[in-house]
>>> print(open('work.pdb').read())   # PDB, C-alpha atoms
ATOM      1  CA  MET B1045     -12.267  -5.810 -11.374  1.00  0.00           C
ATOM      2  CA  PRO B1046     -14.914  -6.817  -8.838  1.00  0.00           C
ATOM      3  CA  VAL B1047     -17.795  -4.383  -8.546  1.00  0.00           C
ATOM      4  CA  ASN B1048     -18.552  -2.409  -5.411  1.00  0.00           C
ATOM      5  CA  ARG B1049     -14.898  -1.882  -4.579  1.00  0.00           C
ATOM      6  CA  ARG B1050     -14.108   1.333  -2.685  1.00  0.00           C
ATOM      7  CA  ILE B1051     -10.854   3.001  -3.707  1.00  0.00           C
ATOM      8  CA  LEU B1052      -9.348   6.026  -1.995  1.00  0.00           C
ATOM      9  CA  LEU B1053      -7.459   8.045  -4.602  1.00  0.00           C
ATOM     10  CA  VAL B1054      -4.887  10.488  -3.217  1.00  0.00           C
ATOM     11  CA  GLU B1055      -3.599  12.654  -6.069  1.00  0.00           C
ATOM     12  CA  ASP B1056      -2.988  16.405  -6.195  1.00  0.00           C
ATOM     13  CA  ASP B1057      -2.751  16.584  -9.998  1.00  0.00           C
ATOM     14  CA  ALA B1058      -6.320  17.354 -11.074  1.00  0.00           C
ATOM     15  CA  ASP B1059      -5.881  16.115 -14.657  1.00  0.00           C
ATOM     16  CA  ILE B1060      -4.409  12.760 -13.651  1.00  0.00           C
ATOM     17  CA  ALA B1061      -7.031  12.327 -10.931  1.00  0.00           C
ATOM     18  CA  ALA B1062      -9.877  12.998 -13.372  1.00  0.00           C
ATOM     19  CA  LEU B1063      -8.573  10.360 -15.783  1.00  0.00           C
ATOM     20  CA  LEU B1064      -8.123   7.821 -12.997  1.00  0.00           C
ATOM     21  CA  VAL B1065     -11.645   8.385 -11.715  1.00  0.00           C
ATOM     22  CA  VAL B1066     -13.104   7.848 -15.192  1.00  0.00           C
ATOM     23  CA  HIS B1067     -11.118   4.688 -15.985  1.00  0.00           C
ATOM     24  CA  LEU B1068     -11.523   3.034 -12.591  1.00  0.00           C
ATOM     25  CA  SER B1069     -15.214   3.907 -12.379  1.00  0.00           C
ATOM     26  CA  ASP B1070     -15.730   2.135 -15.701  1.00  0.00           C
ATOM     27  CA  TYR B1071     -14.790  -1.083 -13.902  1.00  0.00           C
ATOM     28  CA  GLY B1072     -17.421  -0.629 -11.232  1.00  0.00           C
ATOM     29  CA  ALA B1073     -15.256   0.845  -8.481  1.00  0.00           C
ATOM     30  CA  GLU B1074     -16.414   3.658  -6.220  1.00  0.00           C
ATOM     31  CA  ILE B1075     -13.686   6.307  -6.179  1.00  0.00           C
ATOM     32  CA  VAL B1076     -13.238   8.919  -3.460  1.00  0.00           C
ATOM     33  CA  HIS B1077     -10.657  11.529  -4.424  1.00  0.00           C
ATOM     34  CA  VAL B1078      -8.652  13.717  -2.026  1.00  0.00           C
ATOM     35  CA  THR B1079      -5.790  16.033  -2.891  1.00  0.00           C
ATOM     36  CA  ASP B1080      -3.622  16.465   0.207  1.00  0.00           C
ATOM     37  CA  GLY B1081      -1.929  14.272   2.771  1.00  0.00           C
ATOM     38  CA  VAL B1082      -3.880  15.451   5.797  1.00  0.00           C
ATOM     39  CA  ASP B1083      -7.262  14.574   4.279  1.00  0.00           C
ATOM     40  CA  ALA B1084      -5.816  11.328   2.917  1.00  0.00           C
ATOM     41  CA  LEU B1085      -4.704  10.113   6.324  1.00  0.00           C
ATOM     42  CA  THR B1086      -8.021  11.103   7.898  1.00  0.00           C
ATOM     43  CA  TYR B1087     -10.093   9.293   5.270  1.00  0.00           C
ATOM     44  CA  ALA B1088      -7.794   6.259   5.203  1.00  0.00           C
ATOM     45  CA  LEU B1089      -7.993   5.693   8.940  1.00  0.00           C
ATOM     46  CA  GLN B1090     -11.658   6.530   9.537  1.00  0.00           C
ATOM     47  CA  GLU B1091     -13.347   4.598   6.721  1.00  0.00           C
ATOM     48  CA  GLN B1092     -13.160   1.152   5.139  1.00  0.00           C
ATOM     49  CA  TRP B1093     -11.383   0.876   1.778  1.00  0.00           C
ATOM     50  CA  ASP B1094     -10.532  -1.916  -0.618  1.00  0.00           C
ATOM     51  CA  MET B1095      -7.496  -0.112  -2.048  1.00  0.00           C
ATOM     52  CA  LEU B1096      -5.471   3.063  -1.647  1.00  0.00           C
ATOM     53  CA  ILE B1097      -3.911   4.714  -4.709  1.00  0.00           C
ATOM     54  CA  LEU B1098      -1.383   7.101  -3.250  1.00  0.00           C
ATOM     55  CA  ASP B1099       0.788   9.806  -4.773  1.00  0.00           C
ATOM     56  CA  LEU B1100       4.053  10.370  -2.908  1.00  0.00           C
ATOM     57  CA  GLY B1101       4.555  14.091  -3.489  1.00  0.00           C
ATOM     58  CA  LEU B1102       1.596  15.559  -1.610  1.00  0.00           C
ATOM     59  CA  PRO B1103       0.936  18.821   0.195  1.00  0.00           C
ATOM     60  CA  GLY B1104       0.536  18.461   3.932  1.00  0.00           C
ATOM     61  CA  ILE B1105       1.858  14.961   4.598  1.00  0.00           C
ATOM     62  CA  ASP B1106       4.158  12.975   2.344  1.00  0.00           C
ATOM     63  CA  GLY B1107       2.792   9.754   0.857  1.00  0.00           C
ATOM     64  CA  VAL B1108       5.523   7.633   2.453  1.00  0.00           C
ATOM     65  CA  VAL B1109       4.477   8.906   5.893  1.00  0.00           C
ATOM     66  CA  ILE B1110       0.846   8.073   5.127  1.00  0.00           C
ATOM     67  CA  ALA B1111       1.709   4.535   4.045  1.00  0.00           C
ATOM     68  CA  ARG B1112       3.740   3.938   7.188  1.00  0.00           C
ATOM     69  CA  GLN B1113       0.960   5.245   9.431  1.00  0.00           C
ATOM     70  CA  ILE B1114      -1.567   2.928   7.787  1.00  0.00           C
ATOM     71  CA  ARG B1115       0.693  -0.103   8.055  1.00  0.00           C
ATOM     72  CA  ARG B1116       1.400   0.575  11.733  1.00  0.00           C
ATOM     73  CA  LEU B1117      -2.326   0.139  12.376  1.00  0.00           C
ATOM     74  CA  ASP B1118      -2.314  -3.319  10.769  1.00  0.00           C
ATOM     75  CA  SER B1119      -4.267  -2.308   7.709  1.00  0.00           C
ATOM     76  CA  ALA B1120      -4.469  -5.037   5.071  1.00  0.00           C
ATOM     77  CA  ILE B1121      -5.559  -2.544   2.412  1.00  0.00           C
ATOM     78  CA  PRO B1122      -3.564  -2.878  -0.831  1.00  0.00           C
ATOM     79  CA  ILE B1123      -1.530   0.265  -1.516  1.00  0.00           C
ATOM     80  CA  LEU B1124      -0.524   1.302  -5.036  1.00  0.00           C
ATOM     81  CA  MET B1125       1.942   4.201  -5.065  1.00  0.00           C
ATOM     82  CA  VAL B1126       1.736   6.574  -8.028  1.00  0.00           C
ATOM     83  CA  THR B1127       4.634   8.980  -8.295  1.00  0.00           C
ATOM     84  CA  ALA B1128       7.123  10.860 -10.442  1.00  0.00           C
ATOM     85  CA  ARG B1129       9.958   9.573  -8.243  1.00  0.00           C
ATOM     86  CA  GLY B1130      11.476   6.768 -10.261  1.00  0.00           C
ATOM     87  CA  THR B1131      14.913   6.037  -8.806  1.00  0.00           C
ATOM     88  CA  GLU B1132      15.706   2.682  -7.238  1.00  0.00           C
ATOM     89  CA  ALA B1133      16.065   4.357  -3.836  1.00  0.00           C
ATOM     90  CA  ASP B1134      12.590   5.884  -4.183  1.00  0.00           C
ATOM     91  CA  ARG B1135      11.063   2.538  -5.138  1.00  0.00           C
ATOM     92  CA  VAL B1136      12.724   0.767  -2.223  1.00  0.00           C
ATOM     93  CA  GLN B1137      11.556   3.493   0.163  1.00  0.00           C
ATOM     94  CA  GLY B1138       7.989   3.133  -1.090  1.00  0.00           C
ATOM     95  CA  LEU B1139       7.997  -0.650  -0.796  1.00  0.00           C
ATOM     96  CA  ASP B1140       9.558  -0.565   2.651  1.00  0.00           C
ATOM     97  CA  ALA B1141       6.897   1.926   3.741  1.00  0.00           C
ATOM     98  CA  GLY B1142       4.251  -0.680   2.946  1.00  0.00           C
ATOM     99  CA  ALA B1143       3.327  -0.280  -0.729  1.00  0.00           C
ATOM    100  CA  ASP B1144       2.163  -3.368  -2.588  1.00  0.00           C
ATOM    101  CA  ASP B1145       2.984  -1.916  -5.998  1.00  0.00           C
ATOM    102  CA  TYR B1146       4.719   1.170  -7.383  1.00  0.00           C
ATOM    103  CA  ILE B1147       4.119   2.858 -10.743  1.00  0.00           C
ATOM    104  CA  VAL B1148       6.084   5.825 -12.088  1.00  0.00           C
ATOM    105  CA  LYS B1149       4.620   8.778 -13.988  1.00  0.00           C
ATOM    106  CA  PRO B1150       4.051   9.092 -16.875  1.00  0.00           C
ATOM    107  CA  PHE B1151       2.110   5.847 -17.239  1.00  0.00           C
ATOM    108  CA  SER B1152      -0.737   4.603 -19.401  1.00  0.00           C
ATOM    109  CA  MET B1153      -4.192   4.309 -17.894  1.00  0.00           C
ATOM    110  CA  ALA B1154      -4.401   0.749 -19.218  1.00  0.00           C
ATOM    111  CA  GLU B1155      -1.284  -0.216 -17.266  1.00  0.00           C
ATOM    112  CA  LEU B1156      -2.532   1.368 -14.064  1.00  0.00           C
ATOM    113  CA  VAL B1157      -5.926  -0.338 -14.304  1.00  0.00           C
ATOM    114  CA  ALA B1158      -4.163  -3.649 -14.989  1.00  0.00           C
ATOM    115  CA  ARG B1159      -2.056  -3.211 -11.855  1.00  0.00           C
ATOM    116  CA  VAL B1160      -5.130  -2.390  -9.790  1.00  0.00           C
ATOM    117  CA  ARG B1161      -6.865  -5.519 -11.026  1.00  0.00           C
ATOM    118  CA  ALA B1162      -3.746  -7.605 -10.355  1.00  0.00           C
ATOM    119  CA  LEU B1163      -3.593  -6.354  -6.762  1.00  0.00           C
ATOM    120  CA  PHE B1164      -7.215  -7.307  -6.200  1.00  0.00           C
ATOM    121  CA  ARG B1165      -6.622 -10.761  -7.728  1.00  0.00           C
ATOM    122  CA  ARG B1166      -3.539 -11.337  -5.602  1.00  0.00           C
ATOM    123  CA  SER B1167      -5.374 -10.360  -2.441  1.00  0.00           C
ATOM    124  CA  GLU B1168      -8.323 -12.637  -3.225  1.00  0.00           C
ATOM    125  CA  THR B1169      -6.125 -15.574  -4.275  1.00  0.00           C
ATOM    126  CA  SER B1170      -4.077 -15.308  -1.100  1.00  0.00           C
ATOM    127  CA  HIS B1171      -7.212 -15.339   1.018  1.00  0.00           C
ATOM    128  CA  ARG B1172      -8.761 -18.291  -0.835  1.00  0.00           C
ATOM    129  CA  GLY B1173      -5.533 -20.266  -0.604  1.00  0.00           C
ATOM    130  CA  LEU B1174      -5.637 -20.154   3.192  1.00  0.00           C
ATOM    131  CA  GLU B1175      -9.407 -20.150   3.616  1.00  0.00           C
ATOM    132  CA  GLN B1176     -10.772 -22.295   6.439  1.00  0.00           C
ATOM    133  CA  GLN B1177      -7.262 -23.017   7.692  1.00  0.00           C
ATOM    134  CA  ALA B1178      -5.842 -22.319  11.120  1.00  0.00           C
ATOM    135  CA  LEU B1179      -2.088 -22.880  10.881  1.00  0.00           C
ATOM    136  CA  VAL B1180      -0.322 -23.784  14.126  1.00  0.00           C
ATOM    137  CA  ALA B1181       3.383 -23.899  14.936  1.00  0.00           C
ATOM    138  CA  GLY B1182       4.491 -24.051  18.525  1.00  0.00           C
ATOM    139  CA  ASP B1183       2.959 -21.108  20.349  1.00  0.00           C
ATOM    140  CA  LEU B1184       1.937 -19.441  17.065  1.00  0.00           C
ATOM    141  CA  ILE B1185      -1.573 -19.650  15.593  1.00  0.00           C
ATOM    142  CA  LEU B1186      -2.375 -18.034  12.244  1.00  0.00           C
ATOM    143  CA  ASP B1187      -6.082 -17.751  11.402  1.00  0.00           C
ATOM    144  CA  ALA B1188      -6.593 -16.961   7.720  1.00  0.00           C
ATOM    145  CA  ASN B1189     -10.330 -16.298   8.037  1.00  0.00           C
ATOM    146  CA  THR B1190      -9.887 -13.467  10.533  1.00  0.00           C
ATOM    147  CA  ARG B1191      -6.343 -12.633   9.364  1.00  0.00           C
ATOM    148  CA  THR B1192      -5.147 -12.715  12.961  1.00  0.00           C
ATOM    149  CA  VAL B1193      -2.057 -14.153  14.604  1.00  0.00           C
ATOM    150  CA  SER B1194      -1.637 -15.072  18.243  1.00  0.00           C
ATOM    151  CA  VAL B1195       1.503 -15.863  20.211  1.00  0.00           C
ATOM    152  CA  THR B1196       1.040 -17.767  23.493  1.00  0.00           C
ATOM    153  CA  GLY B1197      -2.610 -16.716  23.382  1.00  0.00           C
ATOM    154  CA  ASP B1198      -2.003 -13.006  22.834  1.00  0.00           C
ATOM    155  CA  THR B1199      -3.077 -11.383  19.563  1.00  0.00           C
ATOM    156  CA  VAL B1200      -0.224  -9.857  17.579  1.00  0.00           C
ATOM    157  CA  GLU B1201      -0.890  -7.049  15.116  1.00  0.00           C
ATOM    158  CA  LEU B1202       0.761  -7.753  11.759  1.00  0.00           C
ATOM    159  CA  THR B1203       0.767  -5.725   8.564  1.00  0.00           C
ATOM    160  CA  CYS B1204      -0.455  -7.259   5.316  1.00  0.00           C
ATOM    161  CA  ARG B1205       3.094  -8.122   4.179  1.00  0.00           C
ATOM    162  CA  GLU B1206       4.130  -9.461   7.581  1.00  0.00           C
ATOM    163  CA  PHE B1207       1.044 -11.685   7.606  1.00  0.00           C
ATOM    164  CA  GLY B1208       1.861 -12.914   4.099  1.00  0.00           C
ATOM    165  CA  LEU B1209       5.425 -13.757   5.059  1.00  0.00           C
ATOM    166  CA  LEU B1210       4.380 -15.640   8.169  1.00  0.00           C
ATOM    167  CA  ALA B1211       1.709 -17.539   6.224  1.00  0.00           C
ATOM    168  CA  ALA B1212       4.291 -18.596   3.634  1.00  0.00           C
ATOM    169  CA  PHE B1213       6.687 -19.774   6.329  1.00  0.00           C
ATOM    170  CA  ILE B1214       4.225 -21.555   8.571  1.00  0.00           C
ATOM    171  CA  ALA B1215       2.623 -23.396   5.638  1.00  0.00           C
ATOM    172  CA  GLN B1216       5.978 -24.994   4.741  1.00  0.00           C
ATOM    173  CA  PRO B1217       8.010 -25.488   7.908  1.00  0.00           C
ATOM    174  CA  GLY B1218      11.621 -26.476   7.347  1.00  0.00           C
ATOM    175  CA  LYS B1219      11.735 -25.190   3.778  1.00  0.00           C
ATOM    176  CA  THR B1220      14.519 -22.749   2.985  1.00  0.00           C
ATOM    177  CA  PHE B1221      13.085 -19.766   1.113  1.00  0.00           C
ATOM    178  CA  ARG B1222      15.301 -17.625  -1.054  1.00  0.00           C
ATOM    179  CA  ARG B1223      14.554 -13.927  -0.818  1.00  0.00           C
ATOM    180  CA  ARG B1224      13.491 -13.951  -4.452  1.00  0.00           C
ATOM    181  CA  GLU B1225      10.887 -16.632  -3.683  1.00  0.00           C
ATOM    182  CA  LEU B1226       9.440 -14.573  -0.843  1.00  0.00           C
ATOM    183  CA  LEU B1227       9.281 -11.478  -3.038  1.00  0.00           C
ATOM    184  CA  GLU B1228       7.439 -13.366  -5.768  1.00  0.00           C
ATOM    185  CA  SER B1229       5.058 -15.016  -3.303  1.00  0.00           C
ATOM    186  CA  VAL B1230       4.223 -12.084  -1.046  1.00  0.00           C
ATOM    187  CA  TRP B1231       4.925  -8.962  -3.117  1.00  0.00           C
ATOM    188  CA  GLY B1232       4.743 -10.138  -6.717  1.00  0.00           C
ATOM    189  CA  THR B1233       7.270 -10.797  -9.440  1.00  0.00           C
ATOM    190  CA  GLN B1234       7.672  -7.130 -10.390  1.00  0.00           C
ATOM    191  CA  TYR B1235       9.858  -6.549  -7.327  1.00  0.00           C
ATOM    192  CA  GLU B1236      12.882  -8.450  -8.576  1.00  0.00           C
ATOM    193  CA  GLY B1237      15.982  -6.553  -7.510  1.00  0.00           C
ATOM    194  CA  TYR B1238      14.629  -5.306  -4.182  1.00  0.00           C
ATOM    195  CA  GLN B1239      15.466  -8.378  -2.175  1.00  0.00           C
ATOM    196  CA  HIS B1240      16.746  -6.439   0.832  1.00  0.00           C
ATOM    197  CA  THR B1241      13.195  -5.199   1.486  1.00  0.00           C
ATOM    198  CA  VAL B1242      12.524  -8.794   2.608  1.00  0.00           C
ATOM    199  CA  ASN B1243      15.182  -8.397   5.300  1.00  0.00           C
ATOM    200  CA  THR B1244      13.449  -5.289   6.647  1.00  0.00           C
ATOM    201  CA  HIS B1245      10.077  -7.028   6.900  1.00  0.00           C
ATOM    202  CA  ILE B1246      11.599 -10.170   8.418  1.00  0.00           C
ATOM    203  CA  ASN B1247      13.201  -8.072  11.148  1.00  0.00           C
ATOM    204  CA  ARG B1248       9.875  -6.386  11.901  1.00  0.00           C
ATOM    205  CA  LEU B1249       8.080  -9.732  11.936  1.00  0.00           C
ATOM    206  CA  ARG B1250      10.648 -11.225  14.302  1.00  0.00           C
ATOM    207  CA  ALA B1251      10.229  -8.281  16.663  1.00  0.00           C
ATOM    208  CA  LYS B1252       6.529  -9.142  16.933  1.00  0.00           C
ATOM    209  CA  ILE B1253       6.509 -12.939  17.166  1.00  0.00           C
ATOM    210  CA  GLU B1254       9.875 -14.007  18.576  1.00  0.00           C
ATOM    211  CA  PRO B1255      10.435 -14.313  22.345  1.00  0.00           C
ATOM    212  CA  ASP B1256      13.974 -13.040  21.701  1.00  0.00           C
ATOM    213  CA  PRO B1257      14.257 -11.391  18.266  1.00  0.00           C
ATOM    214  CA  ALA B1258      18.058 -11.278  18.539  1.00  0.00           C
ATOM    215  CA  ASN B1259      18.069 -15.082  18.846  1.00  0.00           C
ATOM    216  CA  PRO B1260      15.072 -16.147  16.781  1.00  0.00           C
ATOM    217  CA  ARG B1261      13.300 -19.404  17.475  1.00  0.00           C
ATOM    218  CA  TYR B1262      10.922 -19.457  14.506  1.00  0.00           C
ATOM    219  CA  ILE B1263      12.363 -17.549  11.531  1.00  0.00           C
ATOM    220  CA  LEU B1264      15.957 -18.636  11.069  1.00  0.00           C
ATOM    221  CA  THR B1265      18.501 -17.098   8.711  1.00  0.00           C
ATOM    222  CA  VAL B1266      20.167 -19.470   6.270  1.00  0.00           C
ATOM    223  CA  TRP B1267      23.321 -17.522   5.549  1.00  0.00           C
ATOM    224  CA  GLY B1268      23.943 -16.803   1.891  1.00  0.00           C
ATOM    225  CA  VAL B1269      20.557 -18.248   0.911  1.00  0.00           C
ATOM    226  CA  GLY B1270      17.533 -16.834   2.736  1.00  0.00           C
ATOM    227  CA  TYR B1271      15.270 -17.948   5.587  1.00  0.00           C
ATOM    228  CA  ARG B1272      13.497 -21.022   6.899  1.00  0.00           C
ATOM    229  CA  PHE B1273      10.766 -21.563   9.455  1.00  0.00           C
ATOM    230  CA  ASN B1274      11.567 -23.715  12.483  1.00  0.00           C
ATOM    231  CA  CYS B1275       8.608 -25.151  14.374  1.00  0.00           C
TER     232      CYS B1275
END
>>> encode(input="work.pdb", output="structure tokens")
Amino acid sequence: MPVNRRILLVEDDADIAALLVVHLSDYGAEIVHVTDGVDALTYALQEQWDMLILDLGLPGIDGVVIARQIRRLDSAIPILMVTARGTEADRVQGLDAGADDYIVKPFSMAELVARVRALFRRSETSHRGLEQQALVAGDLILDANTRTVSVTGDTVELTCREFGLLAAFIAQPGKTFRRRELLESVWGTQYEGYQHTVNTHINRLRAKIEPDPANPRYILTVWGVGYRFNC
């Protein structure tokens, strides 16, 4: 794990939090720990973080609400949800709220640290892969260095996952992507089985970049297969 990373840990179980602080600090990360949703949202929105480790069952404000609030403000911060809620519906809800990964209690500290490191690697690899590139398609311009997107000259605020989807599309115009491919590219291979979360994010992305989201110009549905980008 790169040193000097700042991680906001939101966990109301004191024993679990203490273990997480010890193990993550061993890898050079600075950990700030809060125990309730209100403080978590305040800290998350007012300071700069490299990752958010977020419990779902919190006093004050639920973790899903916190994740959604952060994503609405176009935060690219990786979010790892840590929770006792392990059903498929819970996982889908967490991913749709904006989580990048989801781990269910009880878990080993080694597994959690490995997931944290994987999220950092994925974020850095994605950035390096597009570094120095400005991708253009029609009225769309995607700037990887500033992680900004403009449509007809106006800046559009995208979440981390929306940006990743658009980058994948615009880099390979005309290619038909299966939902599984998009999950593996943008979310990671561990999300196999949650392909309908792609549909949710595609709809949100269309609402932001398409002149008429009901009749998309850029992101086209290939029925029974997935999506392709039309430039």
>>> closest_residue(input="work.pdb", among="B:Ser1229, B:Asn1247, B:Thr1220, B:Gln1090", to="Val1269 of chain B", atoms="all atoms listed in the file")
B:Thr1220
>>> residues_around(input="work.pdb", residues="Arg1222 of chain B", least_positions_apart="2", cutoff="6 Å", atoms="all atoms listed in the file", output="list in words")
Arg1224, Glu1225, Val1269 and Gly1270 of chain B
>>> axis_aligned_box(input="work.pdb", around="segment 1223-1226 of chain B", padding_each_side="4 Å", output="lines of an AutoDock Vina configuration file")
center_x = 12.0
center_y = -15.3
center_z = -2.6
size_x = 13.1
size_y = 10.7
size_z = 11.6
>>> residues_near_point(input="work.pdb", point="(1.8, -24.3, 18.4)", cutoff="12 Å", atoms="only C-alpha atoms", output="MDAnalysis selection string")
chainID B and resid 1178:1186 1193:1197 1214 1262 1274:1275
>>> resolve_selection(input="work.pdb", expression="the PyMOL selection byres ((chain B and resi 1149-1156) around 8)", output="list in words")
Leu1063, Leu1064, His1067, Val1126, Thr1127, Ala1128, Arg1129, Ile1147, Val1148, Val1157, Ala1158, Arg1159 and Val1160 of chain B
>>> atom_distance(input="work.pdb", atom1="atom CA of Phe1207 of chain B", atom2="atom CA of Tyr1071 of chain B")
28.7 Å
>>> atom_distance(input="work.pdb", atom1="atom CA of Leu1100 of chain B", atom2="atom CA of Ala1143 of chain B")
10.9 Å
>>> closest_residue(input="work.pdb", among="B:Val1054, B:Ala1162, B:Leu1226, B:Ile1121", to="Ala1211 of chain B", atoms="all atoms listed in the file")
B:Leu1226
>>> closest_residue(input="work.pdb", among="B:Ile1105, B:Val1076, B:Ile1060, B:Leu1210", to="Tyr1271 of chain B", atoms="all atoms listed in the file")
B:Leu1210
>>> atom_distance(input="work.pdb", atom1="atom CA of Ile1051 of chain B", atom2="atom CA of Leu1102 of chain B")
17.8 Å
>>> closest_residue(input="work.pdb", among="B:Ala1073, B:Met1125, B:Leu1264, B:Ala1061", to="Asp1099 of chain B", atoms="all atoms listed in the file")
B:Met1125
>>> closest_residue(input="work.pdb", among="B:Glu1201, B:Glu1055, B:Glu1206, B:Glu1228", to="Ile1097 of chain B", atoms="all atoms listed in the file")
B:Glu1055
>>> closest_residue(input="work.pdb", among="B:Thr1241, B:Pro1255, B:Arg1248, B:Leu1096", to="Ala1133 of chain B", atoms="all atoms listed in the file")
B:Thr1241
